[in-house]
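**Student:** mmCIF, C-alpha atoms, pLDDT in the B column; chains and numbers go by the auth columns, saved as protein.cif, coming up:
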```cif
data_work
loop_
_atom_site.group_PDB
_atom_site.id
_atom_site.type_symbol
_atom_site.label_atom_id
_atom_site.label_comp_id
_atom_site.label_asym_id
_atom_site.label_seq_id
_atom_site.Cartn_x
_atom_site.Cartn_y
_atom_site.Cartn_z
_atom_site.B_iso_or_equiv
_atom_site.auth_seq_id
_atom_site.auth_asym_id
ATOM 1 C CA MET A 1 -96.162 -140.336 -176.634 95.00 131 A
ATOM 2 C CA ASP A 2 -95.315 -139.473 -173.053 98.00 132 A
ATOM 3 C CA ILE A 3 -94.439 -135.926 -171.986 98.00 133 A
ATOM 4 C CA ARG A 4 -93.640 -136.621 -168.329 98.00 134 A
ATOM 5 C CA ASP A 5 -90.142 -135.900 -167.014 96.00 135 A
ATOM 6 C CA LEU A 6 -87.316 -138.294 -167.904 96.00 136 A
ATOM 7 C CA PRO A 7 -87.000 -140.031 -164.506 96.00 137 A
ATOM 8 C CA ARG A 8 -90.704 -140.928 -164.488 96.00 138 A
ATOM 9 C CA PHE A 9 -90.683 -141.919 -168.166 97.00 139 A
ATOM 10 C CA SER A 10 -87.585 -144.052 -167.555 96.00 140 A
ATOM 11 C CA HIS A 11 -89.259 -145.795 -164.628 96.00 141 A
ATOM 12 C CA SER A 12 -92.368 -146.749 -166.623 97.00 142 A
ATOM 13 C CA HIS A 13 -94.421 -145.517 -169.559 97.00 143 A
ATOM 14 C CA PRO A 14 -97.118 -146.696 -171.975 96.00 144 A
ATOM 15 C CA GLN A 15 -95.781 -149.539 -174.092 95.00 145 A
ATOM 16 C CA GLY A 16 -94.077 -148.185 -177.218 92.00 146 A
ATOM 17 C CA ALA A 17 -94.362 -144.542 -176.139 94.00 147 A
ATOM 18 C CA PHE A 18 -91.977 -141.915 -177.493 95.00 148 A
ATOM 19 C CA HIS A 19 -90.603 -139.553 -174.827 97.00 149 A
ATOM 20 C CA LEU A 20 -91.431 -136.101 -176.160 96.00 150 A
ATOM 21 C CA THR A 21 -89.569 -133.058 -174.844 96.00 151 A
ATOM 22 C CA ASN A 22 -88.700 -129.701 -176.359 94.00 152 A
ATOM 23 C CA GLN A 23 -85.321 -131.227 -177.244 96.00 153 A
ATOM 24 C CA SER A 24 -86.716 -134.433 -178.797 96.00 154 A
ATOM 25 C CA PHE A 25 -89.406 -132.819 -180.972 94.00 155 A
ATOM 26 C CA GLY A 26 -87.110 -132.721 -184.022 93.00 156 A
ATOM 27 C CA GLU A 27 -86.375 -136.427 -183.600 93.00 157 A
ATOM 28 C CA PHE A 28 -90.107 -137.092 -183.307 92.00 158 A
ATOM 29 C CA GLN A 29 -90.742 -135.212 -186.561 90.00 159 A
ATOM 30 C CA GLN A 30 -88.062 -137.250 -188.348 89.00 160 A
ATOM 31 C CA LYS A 31 -89.215 -140.629 -187.007 85.00 161 A
ATOM 32 C CA TYR A 32 -92.979 -140.238 -187.307 78.00 162 A
ATOM 33 C CA ASP A 33 -94.915 -138.987 -190.272 71.00 163 A
ATOM 34 C CA TYR A 34 -98.287 -137.354 -190.074 68.00 164 A
ATOM 35 C CA GLU A 35 -100.112 -140.677 -189.764 71.00 165 A
ATOM 36 C CA PRO A 36 -102.843 -140.801 -187.147 73.00 166 A
ATOM 37 C CA PRO A 37 -103.545 -141.435 -184.407 91.00 167 A
ATOM 38 C CA ILE A 38 -101.213 -139.830 -181.884 93.00 168 A
ATOM 39 C CA ILE A 39 -102.037 -140.220 -178.185 94.00 169 A
ATOM 40 C CA VAL A 40 -100.358 -137.787 -175.792 97.00 170 A
ATOM 41 C CA SER A 41 -100.045 -138.694 -172.116 97.00 171 A
ATOM 42 C CA CYS A 42 -98.779 -136.734 -169.135 97.00 172 A
ATOM 43 C CA TYR A 43 -99.230 -137.271 -165.398 96.00 173 A
ATOM 44 C CA HIS A 44 -102.994 -136.829 -165.056 93.00 174 A
ATOM 45 C CA GLY A 45 -104.238 -135.624 -168.454 88.00 175 A
ATOM 46 C CA VAL A 46 -103.903 -131.851 -168.060 91.00 176 A
ATOM 47 C CA SER A 47 -100.617 -130.845 -169.749 95.00 177 A
ATOM 48 C CA SER A 48 -101.167 -133.303 -172.579 97.00 178 A
ATOM 49 C CA ARG A 49 -104.082 -131.196 -173.860 96.00 179 A
ATOM 50 C CA ASN A 50 -101.734 -128.308 -174.657 96.00 180 A
ATOM 51 C CA VAL A 51 -99.231 -130.585 -176.382 97.00 181 A
ATOM 52 C CA ALA A 52 -102.004 -132.253 -178.392 96.00 182 A
ATOM 53 C CA GLN A 53 -103.191 -128.824 -179.544 97.00 183 A
ATOM 54 C CA PHE A 54 -99.619 -127.864 -180.487 95.00 184 A
ATOM 55 C CA LEU A 55 -99.277 -131.034 -182.590 94.00 185 A
ATOM 56 C CA VAL A 56 -102.539 -130.281 -184.400 94.00 186 A
ATOM 57 C CA GLU A 57 -101.193 -126.798 -185.156 95.00 187 A
ATOM 58 C CA GLN A 58 -98.051 -128.437 -186.587 91.00 188 A
ATOM 59 C CA GLY A 59 -100.184 -130.390 -189.070 90.00 189 A
ATOM 60 C CA TYR A 60 -100.681 -133.688 -187.276 89.00 190 A
ATOM 61 C CA ASP A 61 -104.176 -135.134 -187.649 87.00 191 A
ATOM 62 C CA GLU A 62 -106.119 -137.185 -185.150 92.00 192 A
ATOM 63 C CA VAL A 63 -104.208 -136.217 -182.009 95.00 193 A
ATOM 64 C CA TYR A 64 -105.674 -137.156 -178.639 96.00 194 A
ATOM 65 C CA SER A 65 -104.923 -136.178 -175.060 97.00 195 A
ATOM 66 C CA LEU A 66 -105.186 -139.181 -172.764 95.00 196 A
ATOM 67 C CA ILE A 67 -107.868 -138.448 -170.164 94.00 197 A
ATOM 68 C CA GLY A 68 -106.465 -139.362 -166.768 94.00 198 A
ATOM 69 C CA GLY A 69 -102.897 -139.358 -168.093 96.00 199 A
ATOM 70 C CA PHE A 70 -100.447 -142.125 -167.288 96.00 200 A
ATOM 71 C CA ALA A 71 -102.212 -142.687 -163.961 95.00 201 A
ATOM 72 C CA GLY A 72 -105.401 -143.503 -165.884 94.00 202 A
ATOM 73 C CA TRP A 73 -103.456 -145.744 -168.262 95.00 203 A
ATOM 74 C CA VAL A 74 -102.133 -147.754 -165.322 95.00 204 A
ATOM 75 C CA GLN A 75 -105.561 -147.899 -163.636 95.00 205 A
ATOM 76 C CA ALA A 76 -107.042 -149.248 -166.870 95.00 206 A
ATOM 77 C CA ASP A 77 -104.402 -152.009 -166.758 96.00 207 A
ATOM 78 C CA LEU A 78 -103.086 -151.113 -170.219 96.00 208 A
ATOM 79 C CA PRO A 79 -99.601 -152.317 -171.258 97.00 209 A
ATOM 80 C CA ILE A 80 -96.583 -150.490 -169.835 97.00 210 A
ATOM 81 C CA GLU A 81 -92.815 -150.784 -170.171 96.00 211 A
ATOM 82 C CA ASN A 82 -90.701 -150.667 -167.004 92.00 212 A
ATOM 83 C CA GLY A 83 -87.145 -149.904 -166.010 77.00 213 A
ATOM 84 C CA PHE A 84 -85.491 -148.120 -168.898 56.00 214 A
#
```
Show this structure as structure tokens.

**Tutor:**
Amino acid sequence: MDIRDLPRFSHSHPQGAFHLTNQSFGEFQQKYDYEPPIIVSCYHGVSSRNVAQFLVEQGYDEVYSLIGGFAGWVQADLPIENGF
């Protein structure tokens, strides 16, 4: 999942990522069960730690904060989706 702002998420994001916001959390809960793993990405890997902890507190298992965030994802040449 990607927690960056909508314009940045819309420009590009990890392939298959769900855009998580305060408003979309209910949709996330309906679409995704408590099956691991969940990887949370932000800009550089700082904010995602708090969201990962929140998800663990909500009962999700095996939640990870992406070290380096989306910038690290891109640097690692992992798959992204563009232009949504």

**Student:** How many Å lie between atom CA of A:Asn212 and atom CA of A:Ser195, rounded to one decimal?

**Tutor:**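 Straight-line distance from atom CA of A:Asn212 to atom CA of A:Ser195 works out to 21.8 Å.
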
**Student:** Need the shell around A:Phe158: protein/DNA/RNA residues with any atom at most 12 Å away, counting all atoms listed in the file. Skip same-chain ones fewer than 3 positions apart. Format as a count of residues only?

**Tutor:** 18

**Student:** Rounded to one decimal, what separation in Å do you get between atom CA of A:Ala201 and atom CA of A:Glu157?

**Tutor:**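 Separation of atom CA of A:Ala201 and atom CA of A:Glu157: 26.0 Å.
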
**Student:** Just give me the gap between atom CA of A:Ile169 and atom CA of A:Val193 in Å, one decimal is fine.

**Tutor:**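 That distance, rounded to one decimal, is 5.9 Å.
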
**Student:** Pick out the residues sitting within 9 Å of A:Gly146, and hand them over as a list of chain:residue names; count only C-alpha atoms, and ignore anything fewer than 3 positions along from it in its own chain.

**Tutor:** A:Met131, A:His143, A:Ile210, A:Glu211

**Student:** With all atoms listed in the file as the atoms that count, which of A:Asp135, A:Gly156, A:Pro167, A:Asn180 lies nearest to A:Glu192?

**Tutor:**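 For A:Glu192, the nearest of the candidates is A:Pro167.
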
**Student:** Give me the result of the PyMOL selection byres ((chain A and resi 209) around 7) on this file, residue by residue, as an MDAnalysis selection string.

**Tutor:** chainID A and resid 144:145 207:208 210

**Student:** If we count only C-alpha atoms and set the cut-off at 10 Å, which residues sit around A:His174, ignoring sequence neighbours fewer than 3 positions away in its own chain? Please answer as a PyMOL selection string.

**Tutor:** chain A and resi 134+171+177-178+196-203

**Student:** Could the residues in this selection be written to a file with C-alpha atoms, as a CSV table (one decimal), in the frame of the given file?

**Tutor:**
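Result went into again_7.csv, see below:
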```csv
chain,number,residue,atom,x,y,z
A,134,ARG,CA,-93.6,-136.6,-168.3
A,171,SER,CA,-100.0,-138.7,-172.1
A,177,SER,CA,-100.6,-130.8,-169.7
A,178,SER,CA,-101.2,-133.3,-172.6
A,196,LEU,CA,-105.2,-139.2,-172.8
A,197,ILE,CA,-107.9,-138.4,-170.2
A,198,GLY,CA,-106.5,-139.4,-166.8
A,199,GLY,CA,-102.9,-139.4,-168.1
A,200,PHE,CA,-100.4,-142.1,-167.3
A,201,ALA,CA,-102.2,-142.7,-164.0
A,202,GLY,CA,-105.4,-143.5,-165.9
A,203,TRP,CA,-103.5,-145.7,-168.3
```

**Student:** With 3 Å of padding per side, what axis-aligned box (centre and edge lengths, Å, one decimal) covers all the listed atoms of stretch 165-177 of chain A? Give it as JSON.

**Tutor:**
```
{"center_x": -101.5, "center_y": -136.1, "center_z": -177.4, "size_x": 11.5, "size_y": 16.6, "size_z": 30.7}
```

**Student:** Mind rebuilding stretch 181-200 of chain A with N, CA and C atoms and writing that out as a PDB file, in the coordinates of the input?

**Tutor:**
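Now in out-v4.pdb:
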```pdb
ATOM      1  N   VAL A 181    -100.139-129.968-175.414  1.00 97.00           N
ATOM      2  CA  VAL A 181     -99.231-130.585-176.382  1.00 97.00           C
ATOM      3  C   VAL A 181    -100.023-131.137-177.565  1.00 97.00           C
ATOM      4  N   ALA A 182    -101.163-131.743-177.304  1.00 96.00           N
ATOM      5  CA  ALA A 182    -102.004-132.253-178.392  1.00 96.00           C
ATOM      6  C   ALA A 182    -102.427-131.109-179.313  1.00 96.00           C
ATOM      7  N   GLN A 183    -102.808-129.986-178.740  1.00 97.00           N
ATOM      8  CA  GLN A 183    -103.191-128.824-179.544  1.00 97.00           C
ATOM      9  C   GLN A 183    -102.007-128.320-180.366  1.00 97.00           C
ATOM     10  N   PHE A 184    -100.825-128.278-179.770  1.00 95.00           N
ATOM     11  CA  PHE A 184     -99.619-127.864-180.487  1.00 95.00           C
ATOM     12  C   PHE A 184     -99.366-128.782-181.685  1.00 95.00           C
ATOM     13  N   LEU A 185     -99.513-130.087-181.499  1.00 94.00           N
ATOM     14  CA  LEU A 185     -99.277-131.034-182.590  1.00 94.00           C
ATOM     15  C   LEU A 185    -100.287-130.843-183.717  1.00 94.00           C
ATOM     16  N   VAL A 186    -101.530-130.569-183.375  1.00 94.00           N
ATOM     17  CA  VAL A 186    -102.539-130.281-184.400  1.00 94.00           C
ATOM     18  C   VAL A 186    -102.125-129.042-185.191  1.00 94.00           C
ATOM     19  N   GLU A 187    -101.639-128.024-184.488  1.00 95.00           N
ATOM     20  CA  GLU A 187    -101.193-126.798-185.156  1.00 95.00           C
ATOM     21  C   GLU A 187     -99.981-127.043-186.047  1.00 95.00           C
ATOM     22  N   GLN A 188     -99.209-128.088-185.766  1.00 91.00           N
ATOM     23  CA  GLN A 188     -98.051-128.437-186.587  1.00 91.00           C
ATOM     24  C   GLN A 188     -98.437-129.300-187.787  1.00 91.00           C
ATOM     25  N   GLY A 189     -99.715-129.638-187.915  1.00 90.00           N
ATOM     26  CA  GLY A 189    -100.184-130.390-189.070  1.00 90.00           C
ATOM     27  C   GLY A 189    -100.493-131.848-188.815  1.00 90.00           C
ATOM     28  N   TYR A 190    -100.337-132.300-187.594  1.00 89.00           N
ATOM     29  CA  TYR A 190    -100.681-133.688-187.276  1.00 89.00           C
ATOM     30  C   TYR A 190    -102.196-133.811-187.142  1.00 89.00           C
ATOM     31  N   ASP A 191    -102.743-134.881-187.725  1.00 87.00           N
ATOM     32  CA  ASP A 191    -104.176-135.134-187.649  1.00 87.00           C
ATOM     33  C   ASP A 191    -104.450-136.176-186.577  1.00 87.00           C
ATOM     34  N   GLU A 192    -105.653-136.167-186.093  1.00 92.00           N
ATOM     35  CA  GLU A 192    -106.119-137.185-185.150  1.00 92.00           C
ATOM     36  C   GLU A 192    -105.170-137.333-183.955  1.00 92.00           C
ATOM     37  N   VAL A 193    -105.048-136.257-183.209  1.00 95.00           N
ATOM     38  CA  VAL A 193    -104.208-136.217-182.009  1.00 95.00           C
ATOM     39  C   VAL A 193    -105.128-136.199-180.796  1.00 95.00           C
ATOM     40  N   TYR A 194    -104.825-137.035-179.823  1.00 96.00           N
ATOM     41  CA  TYR A 194    -105.674-137.156-178.639  1.00 96.00           C
ATOM     42  C   TYR A 194    -104.863-136.948-177.368  1.00 96.00           C
ATOM     43  N   SER A 195    -105.485-136.303-176.399  1.00 97.00           N
ATOM     44  CA  SER A 195    -104.923-136.178-175.060  1.00 97.00           C
ATOM     45  C   SER A 195    -105.547-137.278-174.214  1.00 97.00           C
ATOM     46  N   LEU A 196    -104.709-138.051-173.555  1.00 95.00           N
ATOM     47  CA  LEU A 196    -105.186-139.181-172.764  1.00 95.00           C
ATOM     48  C   LEU A 196    -105.840-138.682-171.477  1.00 95.00           C
ATOM     49  N   ILE A 197    -107.145-138.843-171.372  1.00 94.00           N
ATOM     50  CA  ILE A 197    -107.868-138.448-170.164  1.00 94.00           C
ATOM     51  C   ILE A 197    -107.370-139.301-169.004  1.00 94.00           C
ATOM     52  N   GLY A 198    -106.995-138.641-167.925  1.00 94.00           N
ATOM     53  CA  GLY A 198    -106.465-139.362-166.768  1.00 94.00           C
ATOM     54  C   GLY A 198    -104.971-139.576-166.823  1.00 94.00           C
ATOM     55  N   GLY A 199    -104.342-139.245-167.951  1.00 96.00           N
ATOM     56  CA  GLY A 199    -102.897-139.358-168.093  1.00 96.00           C
ATOM     57  C   GLY A 199    -102.365-140.763-167.856  1.00 96.00           C
ATOM     58  N   PHE A 200    -101.080-140.828-167.521  1.00 96.00           N
ATOM     59  CA  PHE A 200    -100.447-142.125-167.288  1.00 96.00           C
ATOM     60  C   PHE A 200    -101.100-142.836-166.105  1.00 96.00           C
TER      61      PHE A 200
END
```
